[in-house]
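Trainee: Okay, so here is structure.pdb, and as you'll see once you scroll down, it has PDB, C-alpha atoms and all ligand atoms.
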```
ATOM      1  CA  MET A  77     176.005 322.540  24.594
ATOM      2  CA  THR A  78     175.809 321.026  21.124
ATOM      3  CA  SER A  79     178.115 321.195  18.101
ATOM      4  CA  LYS A  80     175.610 323.709  16.719
ATOM      5  CA  ASP A  81     176.248 326.280  19.411
ATOM      6  CA  THR A  82     179.914 325.447  19.856
ATOM      7  CA  PRO A  83     182.305 327.551  17.791
ATOM      8  CA  ALA A  84     183.845 324.579  16.000
ATOM      9  CA  THR A  85     187.027 326.406  15.084
ATOM     10  CA  GLU A  86     187.727 327.149  18.760
ATOM     11  CA  GLU A  87     186.558 323.911  20.292
ATOM     12  CA  ALA A  88     187.393 321.230  17.799
ATOM     13  CA  HIS A  89     190.540 319.850  16.301
ATOM     14  CA  ASP A  90     190.721 320.105  12.532
ATOM     15  CA  GLY A  91     189.252 316.659  11.946
ATOM     16  CA  ALA A  92     186.226 317.223  14.110
ATOM     17  CA  ALA A  93     185.690 320.665  12.635
ATOM     18  CA  SER A  94     186.099 319.548   9.041
ATOM     19  CA  SER A  95     183.699 316.641   9.434
ATOM     20  CA  SER A  96     181.264 318.661  11.555
ATOM     21  CA  HIS A  97     178.837 318.927   8.629
ATOM     22  CA  GLU A  98     178.273 315.198   9.071
ATOM     23  CA  MET A  99     177.857 315.427  12.831
ATOM     24  CA  PRO A 100     174.444 315.022  14.404
ATOM     25  CA  LEU A 101     173.424 318.151  16.313
ATOM     26  CA  SER A 102     173.034 316.192  19.547
ATOM     27  CA  ILE A 103     176.787 315.977  20.122
ATOM     28  CA  ASP A 104     177.655 317.427  23.507
ATOM     29  CA  THR A 105     181.146 318.877  23.282
ATOM     30  CA  SER A 106     181.132 320.316  26.805
ATOM     31  CA  VAL A 107     181.657 316.925  28.482
ATOM     32  CA  ALA A 108     184.325 314.364  27.613
ATOM     33  CA  HIS A 109     183.154 311.169  25.914
ATOM     34  CA  VAL A 110     185.219 308.019  25.809
ATOM     35  CA  ALA A 111     185.182 307.525  22.027
ATOM     36  CA  ARG A 112     186.719 310.994  21.602
ATOM     37  CA  VAL A 113     189.120 310.680  24.562
ATOM     38  CA  TYR A 114     190.340 307.368  23.107
ATOM     39  CA  ASP A 115     190.720 309.083  19.726
ATOM     40  CA  TYR A 116     192.847 311.752  21.438
ATOM     41  CA  TRP A 117     195.127 309.130  23.041
ATOM     42  CA  LEU A 118     195.514 307.486  19.623
ATOM     43  CA  GLY A 119     196.560 310.809  18.072
ATOM     44  CA  GLY A 120     193.290 311.314  16.162
ATOM     45  CA  LYS A 121     191.552 314.592  15.384
ATOM     46  CA  ASP A 122     187.958 313.861  16.312
ATOM     47  CA  ASN A 123     188.051 315.287  19.803
ATOM     48  CA  PHE A 124     187.134 318.503  21.571
ATOM     49  CA  ALA A 125     188.646 320.566  24.388
ATOM     50  CA  ALA A 126     186.805 318.633  27.126
ATOM     51  CA  ASP A 127     188.008 315.310  25.668
ATOM     52  CA  ARG A 128     191.592 316.518  25.488
ATOM     53  CA  ALA A 129     191.440 317.832  29.063
ATOM     54  CA  ALA A 130     190.172 314.456  30.339
ATOM     55  CA  GLY A 131     192.730 312.627  28.183
ATOM     56  CA  GLU A 132     195.537 314.760  29.643
ATOM     57  CA  GLN A 133     194.305 314.183  33.200
ATOM     58  CA  ALA A 134     194.465 310.439  32.548
ATOM     59  CA  ILE A 135     197.970 310.751  31.064
ATOM     60  CA  GLN A 136     199.121 312.524  34.214
ATOM     61  CA  ALA A 137     197.887 309.614  36.337
ATOM     62  CA  TYR A 138     199.073 306.852  34.006
ATOM     63  CA  PRO A 139     201.455 308.139  31.292
ATOM     64  CA  ASP A 140     201.569 304.704  29.619
ATOM     65  CA  ILE A 141     197.899 305.010  28.617
ATOM     66  CA  VAL A 142     199.088 306.166  25.180
ATOM     67  CA  TYR A 143     201.039 302.888  24.755
ATOM     68  CA  SER A 144     198.183 300.921  26.302
ATOM     69  CA  VAL A 145     195.660 302.055  23.682
ATOM     70  CA  ARG A 146     198.077 301.283  20.864
ATOM     71  CA  ALA A 147     198.747 297.832  22.320
ATOM     72  CA  ASN A 148     194.989 297.330  22.491
ATOM     73  CA  ARG A 149     194.626 298.182  18.791
ATOM     74  CA  ALA A 150     197.502 295.832  17.949
ATOM     75  CA  PHE A 151     195.779 293.084  19.989
ATOM     76  CA  LEU A 152     192.581 293.714  18.025
ATOM     77  CA  ALA A 153     194.420 293.281  14.716
ATOM     78  CA  ARG A 154     196.241 290.098  15.838
ATOM     79  CA  THR A 155     193.100 288.479  17.213
ATOM     80  CA  VAL A 156     191.054 289.287  14.089
ATOM     81  CA  ARG A 157     193.816 287.832  11.885
ATOM     82  CA  TYR A 158     193.896 284.711  14.094
ATOM     83  CA  LEU A 159     190.109 284.350  13.901
ATOM     84  CA  VAL A 160     190.080 284.653  10.100
ATOM     85  CA  LYS A 161     193.200 282.676   9.230
ATOM     86  CA  ASP A 162     193.343 279.974  11.913
ATOM     87  CA  ALA A 163     189.784 279.711  13.213
ATOM     88  CA  LYS A 164     188.224 280.309   9.742
ATOM     89  CA  ILE A 165     185.707 282.798  11.135
ATOM     90  CA  ARG A 166     184.019 284.973   8.512
ATOM     91  CA  GLN A 167     181.494 286.924  10.625
ATOM     92  CA  PHE A 168     182.189 289.552  13.288
ATOM     93  CA  LEU A 169     179.936 291.397  15.722
ATOM     94  CA  ASP A 170     182.178 294.231  16.968
ATOM     95  CA  ILE A 171     180.506 296.085  19.840
ATOM     96  CA  GLY A 172     182.155 299.343  20.930
ATOM     97  CA  THR A 173     183.540 300.217  17.501
ATOM     98  CA  GLY A 174     185.228 303.489  18.411
ATOM     99  CA  ILE A 175     185.954 306.310  15.979
ATOM    100  CA  PRO A 176     187.475 304.782  12.828
ATOM    101  CA  THR A 177     191.265 304.648  12.925
ATOM    102  CA  ALA A 178     193.937 302.462  11.347
ATOM    103  CA  ASN A 179     193.266 298.729  11.055
ATOM    104  CA  ASN A 180     189.541 298.691  11.726
ATOM    105  CA  THR A 181     188.043 295.226  12.170
ATOM    106  CA  HIS A 182     186.571 294.966   8.646
ATOM    107  CA  GLU A 183     189.853 296.079   7.063
ATOM    108  CA  VAL A 184     191.935 293.526   8.977
ATOM    109  CA  ALA A 185     189.390 290.731   8.435
ATOM    110  CA  GLN A 186     188.753 291.426   4.767
ATOM    111  CA  SER A 187     192.432 291.720   3.945
ATOM    112  CA  ALA A 188     193.048 288.379   5.710
ATOM    113  CA  ALA A 189     190.279 286.748   3.643
ATOM    114  CA  PRO A 190     187.670 288.225   1.323
ATOM    115  CA  GLY A 191     184.052 287.541   2.206
ATOM    116  CA  CYS A 192     184.145 288.565   5.868
ATOM    117  CA  ASP A 193     181.005 290.288   7.131
ATOM    118  CA  VAL A 194     181.239 292.769  10.001
ATOM    119  CA  VAL A 195     178.534 294.394  12.092
ATOM    120  CA  TYR A 196     179.695 297.343  14.168
ATOM    121  CA  VAL A 197     177.788 298.608  17.208
ATOM    122  CA  ASP A 198     178.348 301.788  19.226
ATOM    123  CA  ASN A 199     176.193 304.289  21.103
ATOM    124  CA  ASP A 200     178.302 307.403  20.492
ATOM    125  CA  PRO A 201     176.917 309.991  18.027
ATOM    126  CA  VAL A 202     180.398 310.853  16.722
ATOM    127  CA  VAL A 203     181.031 307.192  15.878
ATOM    128  CA  LEU A 204     177.617 307.189  14.187
ATOM    129  CA  ALA A 205     178.632 310.225  12.147
ATOM    130  CA  HIS A 206     181.670 308.307  10.919
ATOM    131  CA  ALA A 207     179.800 305.053  10.338
ATOM    132  CA  ARG A 208     179.567 305.732   6.636
ATOM    133  CA  ALA A 209     183.358 305.360   6.428
ATOM    134  CA  LEU A 210     182.979 301.857   7.837
ATOM    135  CA  LEU A 211     180.133 300.758   5.622
ATOM    136  CA  VAL A 212     182.099 299.402   2.717
ATOM    137  CA  SER A 213     180.254 296.480   1.206
ATOM    138  CA  GLY A 214     181.314 294.607  -1.886
ATOM    139  CA  GLU A 215     183.177 291.519  -2.969
ATOM    140  CA  ARG A 216     185.370 291.722   0.101
ATOM    141  CA  GLY A 217     182.368 291.406   2.417
ATOM    142  CA  HIS A 218     179.541 293.368   3.975
ATOM    143  CA  THR A 219     179.731 295.820   6.837
ATOM    144  CA  SER A 220     176.819 297.388   8.665
ATOM    145  CA  TYR A 221     176.389 299.616  11.693
ATOM    146  CA  ILE A 222     173.942 299.505  14.598
ATOM    147  CA  ASP A 223     173.497 302.609  16.752
ATOM    148  CA  SER A 224     172.781 300.907  20.074
ATOM    149  CA  ASP A 225     173.821 300.553  23.674
ATOM    150  CA  LEU A 226     175.545 297.308  24.672
ATOM    151  CA  ARG A 227     173.039 297.052  27.509
ATOM    152  CA  ASP A 228     170.334 296.516  24.886
ATOM    153  CA  ALA A 229     171.666 293.119  23.794
ATOM    154  CA  GLY A 230     168.248 292.026  22.519
ATOM    155  CA  ARG A 231     168.117 294.887  20.029
ATOM    156  CA  ILE A 232     171.715 294.329  18.919
ATOM    157  CA  LEU A 233     171.050 290.646  18.263
ATOM    158  CA  ALA A 234     167.791 291.352  16.413
ATOM    159  CA  GLU A 235     169.377 293.969  14.127
ATOM    160  CA  ALA A 236     172.565 291.953  13.570
ATOM    161  CA  THR A 237     170.522 289.157  11.973
ATOM    162  CA  LEU A 238     170.035 291.460   8.961
ATOM    163  CA  THR A 239     173.752 291.057   8.118
ATOM    164  CA  LEU A 240     174.999 288.000  10.018
ATOM    165  CA  ASP A 241     173.899 284.367   9.736
ATOM    166  CA  PHE A 242     173.325 283.150  13.287
ATOM    167  CA  SER A 243     173.349 279.520  12.157
ATOM    168  CA  GLN A 244     177.061 279.911  11.347
ATOM    169  CA  PRO A 245     179.940 280.569  13.777
ATOM    170  CA  MET A 246     180.954 284.148  14.372
ATOM    171  CA  ALA A 247     183.182 286.224  16.637
ATOM    172  CA  ILE A 248     181.727 288.563  19.233
ATOM    173  CA  MET A 249     184.217 291.372  19.886
ATOM    174  CA  LEU A 250     184.092 293.434  23.069
ATOM    175  CA  MET A 251     187.318 295.403  22.908
ATOM    176  CA  ALA A 252     187.823 297.893  25.721
ATOM    177  CA  ILE A 253     184.100 298.439  26.247
ATOM    178  CA  LEU A 254     183.052 296.308  29.229
ATOM    179  CA  GLN A 255     184.733 298.735  31.654
ATOM    180  CA  HIS A 256     181.836 301.067  30.802
ATOM    181  CA  ILE A 257     179.271 298.561  32.038
ATOM    182  CA  ASP A 258     178.882 298.950  35.761
ATOM    183  CA  ASP A 259     178.338 295.836  37.888
ATOM    184  CA  ALA A 260     174.798 297.097  38.558
ATOM    185  CA  ASP A 261     174.068 296.721  34.822
ATOM    186  CA  ASP A 262     175.040 293.034  34.907
ATOM    187  CA  PRO A 263     177.969 292.906  32.446
ATOM    188  CA  TYR A 264     178.311 289.125  32.948
ATOM    189  CA  GLY A 265     174.638 288.614  32.101
ATOM    190  CA  ILE A 266     174.979 290.755  28.950
ATOM    191  CA  VAL A 267     178.005 288.799  27.725
ATOM    192  CA  ALA A 268     176.307 285.468  28.542
ATOM    193  CA  ARG A 269     173.244 286.532  26.540
ATOM    194  CA  LEU A 270     175.375 287.397  23.497
ATOM    195  CA  VAL A 271     177.326 284.135  23.718
ATOM    196  CA  GLU A 272     174.095 282.156  24.112
ATOM    197  CA  ALA A 273     172.821 283.600  20.823
ATOM    198  CA  VAL A 274     175.703 282.329  18.670
ATOM    199  CA  PRO A 275     176.274 278.718  17.568
ATOM    200  CA  PRO A 276     179.026 276.375  18.806
ATOM    201  CA  GLY A 277     182.329 277.078  17.102
ATOM    202  CA  SER A 278     181.847 280.817  17.719
ATOM    203  CA  TYR A 279     184.338 282.947  19.627
ATOM    204  CA  LEU A 280     184.312 285.707  22.222
ATOM    205  CA  VAL A 281     187.255 288.101  22.072
ATOM    206  CA  LEU A 282     187.659 290.891  24.563
ATOM    207  CA  SER A 283     190.090 293.259  26.194
ATOM    208  CA  HIS A 284     189.521 295.039  29.483
ATOM    209  CA  PRO A 285     191.522 297.632  31.476
ATOM    210  CA  ALA A 286     193.061 296.048  34.562
ATOM    211  CA  ALA A 287     192.542 296.987  38.197
ATOM    212  CA  ASP A 288     195.487 294.808  39.263
ATOM    213  CA  ILE A 289     198.257 296.009  36.935
ATOM    214  CA  GLU A 290     199.923 299.330  37.815
ATOM    215  CA  THR A 291     197.296 299.345  40.555
ATOM    216  CA  GLU A 292     197.772 302.823  41.987
ATOM    217  CA  ALA A 293     198.177 304.621  38.680
ATOM    218  CA  MET A 294     195.180 302.830  37.187
ATOM    219  CA  ALA A 295     193.020 303.670  40.213
ATOM    220  CA  ASP A 296     194.084 307.318  39.980
ATOM    221  CA  MET A 297     193.293 307.350  36.254
ATOM    222  CA  ALA A 298     189.860 305.772  36.862
ATOM    223  CA  GLU A 299     189.076 308.346  39.520
ATOM    224  CA  ARG A 300     190.021 311.239  37.205
ATOM    225  CA  LEU A 301     188.087 309.830  34.240
ATOM    226  CA  ASN A 302     185.037 309.251  36.403
ATOM    227  CA  ARG A 303     185.089 312.900  37.391
ATOM    228  CA  LEU A 304     185.406 314.175  33.826
ATOM    229  CA  MET A 305     183.954 311.666  31.397
ATOM    230  CA  ALA A 306     180.304 310.965  30.586
ATOM    231  CA  GLU A 307     180.851 307.186  30.459
ATOM    232  CA  LYS A 308     182.060 305.974  33.855
ATOM    233  CA  VAL A 309     184.733 303.285  34.137
ATOM    234  CA  THR A 310     185.056 300.178  36.301
ATOM    235  CA  PHE A 311     188.468 298.581  35.878
ATOM    236  CA  ARG A 312     188.536 294.865  36.814
ATOM    237  CA  THR A 313     191.020 292.353  38.139
ATOM    238  CA  ARG A 314     192.295 289.351  36.199
ATOM    239  CA  ALA A 315     189.840 287.054  37.979
ATOM    240  CA  GLN A 316     186.922 289.407  37.291
ATOM    241  CA  VAL A 317     187.796 289.650  33.592
ATOM    242  CA  ALA A 318     188.342 285.876  33.336
ATOM    243  CA  ARG A 319     184.743 285.390  34.511
ATOM    244  CA  PHE A 320     183.517 286.754  31.152
ATOM    245  CA  PHE A 321     184.953 283.596  29.563
ATOM    246  CA  ASP A 322     183.074 281.212  31.858
ATOM    247  CA  GLY A 323     181.921 278.152  29.903
ATOM    248  CA  LEU A 324     184.273 278.878  26.991
ATOM    249  CA  GLU A 325     187.539 277.202  26.063
ATOM    250  CA  LEU A 326     190.384 279.727  26.102
ATOM    251  CA  VAL A 327     192.619 279.812  23.022
ATOM    252  CA  GLU A 328     196.359 279.640  23.821
ATOM    253  CA  PRO A 329     198.007 281.494  25.572
ATOM    254  CA  GLY A 330     194.806 282.065  27.570
ATOM    255  CA  MET A 331     193.831 285.350  29.123
ATOM    256  CA  VAL A 332     196.954 287.474  29.421
ATOM    257  CA  ARG A 333     198.074 291.064  29.178
ATOM    258  CA  VAL A 334     197.107 292.101  25.648
ATOM    259  CA  GLN A 335     200.683 292.745  24.550
ATOM    260  CA  GLN A 336     201.515 289.142  25.461
ATOM    261  CA  TRP A 337     198.762 287.567  23.364
ATOM    262  CA  ARG A 338     200.732 286.107  20.421
ATOM    263  CA  PRO A 339     202.850 289.244  19.844
ATOM    264  CA  ASP A 340     204.377 289.599  16.385
ATOM    265  CA  THR A 341     207.615 291.125  17.666
ATOM    266  CA  GLU A 342     209.673 291.398  20.852
ATOM    267  CA  LYS A 343     208.978 295.107  20.862
ATOM    268  CA  GLU A 344     205.221 294.494  20.735
ATOM    269  CA  ALA A 345     205.465 292.011  23.620
ATOM    270  CA  LYS A 346     207.273 294.565  25.761
ATOM    271  CA  SER A 347     204.880 297.454  25.168
ATOM    272  CA  PRO A 348     203.438 298.747  28.439
ATOM    273  CA  ALA A 349     199.706 298.045  28.554
ATOM    274  CA  ALA A 350     197.434 297.524  31.535
ATOM    275  CA  LEU A 351     194.696 295.495  29.875
ATOM    276  CA  TRP A 352     193.677 291.845  30.135
ATOM    277  CA  GLY A 353     192.634 290.129  26.937
ATOM    278  CA  GLY A 354     191.922 286.791  25.373
ATOM    279  CA  ILE A 355     189.814 284.683  23.057
ATOM    280  CA  GLY A 356     187.331 282.027  24.180
ATOM    281  CA  ARG A 357     185.726 279.365  21.972
ATOM    282  CA  LYS A 358     182.198 278.124  22.439
ATOM    283  CA  GLY A 359     182.207 274.314  22.284
TER     284      GLY A 359
HETATM  285  C1  LIG B 401     187.705 302.702  24.567
HETATM  286  S1  LIG B 401     186.746 302.718  23.088
HETATM  287  C2  LIG B 401     187.289 301.190  22.327
HETATM  288  C3  LIG B 401     187.158 301.207  20.821
HETATM  289  C4  LIG B 401     187.553 299.903  20.110
HETATM  290  N1  LIG B 401     186.708 298.795  20.524
HETATM  291  C5  LIG B 401     188.985 299.528  20.410
HETATM  292  O1  LIG B 401     189.242 298.636  21.220
HETATM  293  O2  LIG B 401     189.876 300.135  19.817
HETATM  294  C6  LIG B 401     185.134 302.257  23.724
HETATM  295  C7  LIG B 401     184.002 302.399  22.709
HETATM  296  O3  LIG B 401     182.832 301.794  23.269
HETATM  297  C8  LIG B 401     181.720 302.654  23.102
HETATM  298  N2  LIG B 401     180.790 302.414  24.217
HETATM  299  C9  LIG B 401     180.982 302.686  25.531
HETATM  300  N3  LIG B 401     179.916 302.293  26.251
HETATM  301  C10 LIG B 401     179.032 301.763  25.366
HETATM  302  C11 LIG B 401     177.741 301.179  25.497
HETATM  303  N4  LIG B 401     177.157 301.054  26.698
HETATM  304  N5  LIG B 401     177.124 300.729  24.382
HETATM  305  C12 LIG B 401     177.707 300.852  23.165
HETATM  306  N6  LIG B 401     178.935 301.397  22.970
HETATM  307  C13 LIG B 401     179.592 301.850  24.061
HETATM  308  C14 LIG B 401     182.300 304.055  23.099
HETATM  309  O4  LIG B 401     181.452 304.974  22.450
HETATM  310  C15 LIG B 401     183.630 303.846  22.389
HETATM  311  O5  LIG B 401     183.496 304.025  21.009
END
```
Rewrite the structure from the file as C-alpha cells, please.
Ligand SMILES: C[S@@+](CC[C@H](N)C(=O)[O-])C[C@H]1O[C@@H](n2cnc3c(N)ncnc32)[C@H](O)[C@@H]1O

Mentor:
Amino acid sequence: MTSKDTPATEEAHDGAASSSHEMPLSIDTSVAHVARVYDYWLGGKDNFAADRAAGEQAIQAYPDIVYSVRANRAFLARTVRYLVKDAKIRQFLDIGTGIPTANNTHEVAQSAAPGCDVVYVDNDPVVLAHARALLVSGERGHTSYIDSDLRDAGRILAEATLTLDFSQPMAIMLMAILQHIDDADDPYGIVARLVEAVPPGSYLVLSHPAADIETEAMADMAERLNRLMAEKVTFRTRAQVARFFDGLELVEPGMVRVQQWRPDTEKEAKSPAALWGGIGRKG
C-alpha cells in the first residue's frame, strides 16, 4: 500500500497527513519503518498506524524505550557540542538522520559555532520528504542530504565530497543505526571503510542498542520489532559495540551507557537507557 491509496486522515497522525503533499508516493504505510517508529517514541506526528502498533509492542516489552530514545537524542546533542567546542570539528557526516526533531545535528553544531557543515544520509522516503527542512545553508554553515543506504558506503563518500572537505578532519556520526546492519552485511567493514576515508584528527561517534543491558526485555523488544518492522534489528553487547572503535582512541569516559557520557545533570545521568555510546579519535 502507498500513501496514495491510504486514506491519510484514517491512517496518519496530523503531521504525516498535513505534510503528505510532500511525501513520495512510494511510502509504504502498511508496514512499520524504524524512522517512523522512532518518531512515535519521541512523541512526533510523522507515523502511521503500523508504526504506532510496532512502537506500542516494543513499549510493552521494554517500557523504558521512550526514555532510551530521549537519552539517545541528548547524547547526540552533548557529543556534537563536544566535537565543535572542544575538538574544534566543523564538518559532520551524520548517517541515519531520522525524521527531523528537536536539536538536529546541524542546529546543535551551528549554534555551538557558525561555519559547521553537515551532510545527512538516510534511506527512508519519509526522511527524504523532510530533508528540505534540514537543508538550511547560509552563514551558519552548509547542510546537504544524501538519499542512500549505509551499506553503500562508496556512494555516500563520493556524494559527501560535494559538501565536505576530506582533507580536513570531520566527525562520522552513526547514532542508533548500526543495529539495522546485520552481521551478514559486515557492519565492521562498513565502519572501517568510512573511518579509512577521513583524515587523522577525525572522530567516529556512535550509539547502539545493547544486548547486555536489561537483557530479557531488550531481547523481547528485538523479537517483537523483528516481527513487525521492515528494518530488522540486531542488538549488540558492549564488547561487540566496542569493536567498532578498533584502532581509534576513545575520548573520556570511553564507551559507556549513553546517559553516562558526560551528562549535563544528575537527572540526565540517571535516565534509563539501554544503549552503548562513545566517541573515538583517529590518530
Ligand atoms: C533509530 S533512527 C535514529 C535517528 C538518529 N540518528 C538518532 O539517533 O536520533 C535510525 C535511522 O536510520 C535510518 N536507517 C536505518 N537503516 C539504514 C540504512 N541501512 N541506511 C541508511 N539509513 C538507515 C532509518 O531510516 C532511521 O532514520

Trainee: Could you pull out every residue with an atom within 9 Å of (194.9, 302.0, 33.4), file coordinates, counting all atoms listed in the file, and send them as a list in words?

Mentor: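 With a cut-off of 9 Å, the residues come to Ala134, Ala137, Tyr138, Asp140, Ile141, Ser144, Pro285, Ala286, Ala287, Ile289, Glu290, Thr291, Ala293, Met294, Ala295, Asp296, Met297, Ala298, Phe311, Ala349, Ala350 and Leu351 of chain A.
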
Trainee: Would you work out the distance separating CA of Trp352 (chain A) from CA of Ala260 (chain A), expressed in Å to one decimal?

Mentor: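 Separating CA of Trp352 (chain A) from CA of Ala260 (chain A) is a distance of 21.3 Å.
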
Trainee: Evaluate the PyMOL selection byres (((chain A and resi 195-199) around 8) and not hetatm) on the structure here and hand back the selected residues as a list of chain:residue names.

Mentor: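 On the file shown, the PyMOL selection byres (((chain A and resi 195-199) around 8) and not hetatm) covers A:Phe168, A:Leu169, A:Asp170, A:Ile171, A:Gly172, A:Thr173, A:Gly174, A:Asp193, A:Val194, A:Asp200, A:Pro201, A:Val203, A:Leu204, A:Thr219, A:Ser220, A:Tyr221, A:Ile222, A:Asp223, A:Ser224, A:Asp225, A:Leu226, A:Ile232, A:Ala236, A:Thr239, A:Leu240.
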
Trainee: Tell me which of A:Ile266, A:Val327, A:Ala318, A:Ala153 sits closest to Arg231 (chain A), counting only C-alpha atoms.

Mentor: A:Ile266

Trainee: Considering all atoms listed in the file, return as a list in words whatever protein or nucleic-acid residues lie within 10 Å of Tyr264 (chain A), sequence-local ones (same chain, fewer than 6 positions apart) excluded.

Mentor: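 That gives Leu254, Ile257, Gln316, Val317, Arg319, Phe320, Phe321 and Asp322 of chain A.
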
Trainee: Specify as a PDB file with C-alpha atoms, in the frame of the given file each residue included when the PyMOL selection byres (((chain A and resi 337-341) around 9) and not hetatm) is applied to this file.

Mentor:
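Done, and the output landed in selection_36.pdb:
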```
ATOM      1  CA  ALA A 150     197.502 295.832  17.949  1.00  0.00           C
ATOM      2  CA  PHE A 151     195.779 293.084  19.989  1.00  0.00           C
ATOM      3  CA  ARG A 154     196.241 290.098  15.838  1.00  0.00           C
ATOM      4  CA  THR A 155     193.100 288.479  17.213  1.00  0.00           C
ATOM      5  CA  GLU A 328     196.359 279.640  23.821  1.00  0.00           C
ATOM      6  CA  PRO A 329     198.007 281.494  25.572  1.00  0.00           C
ATOM      7  CA  GLY A 330     194.806 282.065  27.570  1.00  0.00           C
ATOM      8  CA  MET A 331     193.831 285.350  29.123  1.00  0.00           C
ATOM      9  CA  VAL A 332     196.954 287.474  29.421  1.00  0.00           C
ATOM     10  CA  ARG A 333     198.074 291.064  29.178  1.00  0.00           C
ATOM     11  CA  VAL A 334     197.107 292.101  25.648  1.00  0.00           C
ATOM     12  CA  GLN A 335     200.683 292.745  24.550  1.00  0.00           C
ATOM     13  CA  GLN A 336     201.515 289.142  25.461  1.00  0.00           C
ATOM     14  CA  GLU A 342     209.673 291.398  20.852  1.00  0.00           C
ATOM     15  CA  LYS A 343     208.978 295.107  20.862  1.00  0.00           C
ATOM     16  CA  GLU A 344     205.221 294.494  20.735  1.00  0.00           C
ATOM     17  CA  ALA A 345     205.465 292.011  23.620  1.00  0.00           C
ATOM     18  CA  LYS A 346     207.273 294.565  25.761  1.00  0.00           C
ATOM     19  CA  GLY A 353     192.634 290.129  26.937  1.00  0.00           C
ATOM     20  CA  GLY A 354     191.922 286.791  25.373  1.00  0.00           C
TER      21      GLY A 354
END
```

Trainee: Counting all atoms listed in the file, which residue out of A:Glu325, A:Asp288, A:Asp122, A:Asp258 sits closest to Thr310 (chain A)?

Mentor: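 Closest candidate: A:Asp258.
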
Trainee: Box time for ligand LIG 401 (chain B): axis-aligned, enclosing all its listed atoms, 4 Å extra on each side; report centre and edge lengths in Å to one decimal, as AutoDock Vina command-line options.

Mentor:
```
--center_x 183.5 --center_y 301.8 --center_z 23.3 --size_x 20.8 --size_y 14.3 --size_z 14.9
```

Trainee: For the atom pair CA of Leu282 (chain A) and CA of Ala126 (chain A), what is the interatomic distance in Å to one decimal place?

Mentor: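 Computing it gives 27.9 Å between the two atoms.
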
Trainee: At what distance in Å, to one decimal, does CA of Met249 (chain A) lie from atom S1 of ligand LIG 401 (chain B)?

Mentor: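 These two atoms are separated by 12.1 Å.
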
Trainee: Find, counting all atoms listed in the file, the residue in A:Gly217, A:Pro245, A:Gly120, A:Gly230 that gets nearest to Ala178 (chain A).

Mentor: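 The answer is A:Gly120, which sits nearest to Ala178 (chain A).
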
Trainee: Of the residues A:Val107, A:Ile165, A:Val142, A:Ala273, which is the one nearest to Ala125 (chain A), using all atoms listed in the file?

Mentor: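 Looking only at the distances to Ala125 (chain A), the closest residue turns out to be A:Val107.
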
Trainee: Which of these residues is nearest to Ile253 (chain A), using all atoms listed in the file: A:Ala111, A:Cys192, A:Ile103, A:Leu233?

Mentor: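 When distances to Ile253 (chain A) are compared using all atoms listed in the file, the smallest one comes from A:Ala111.
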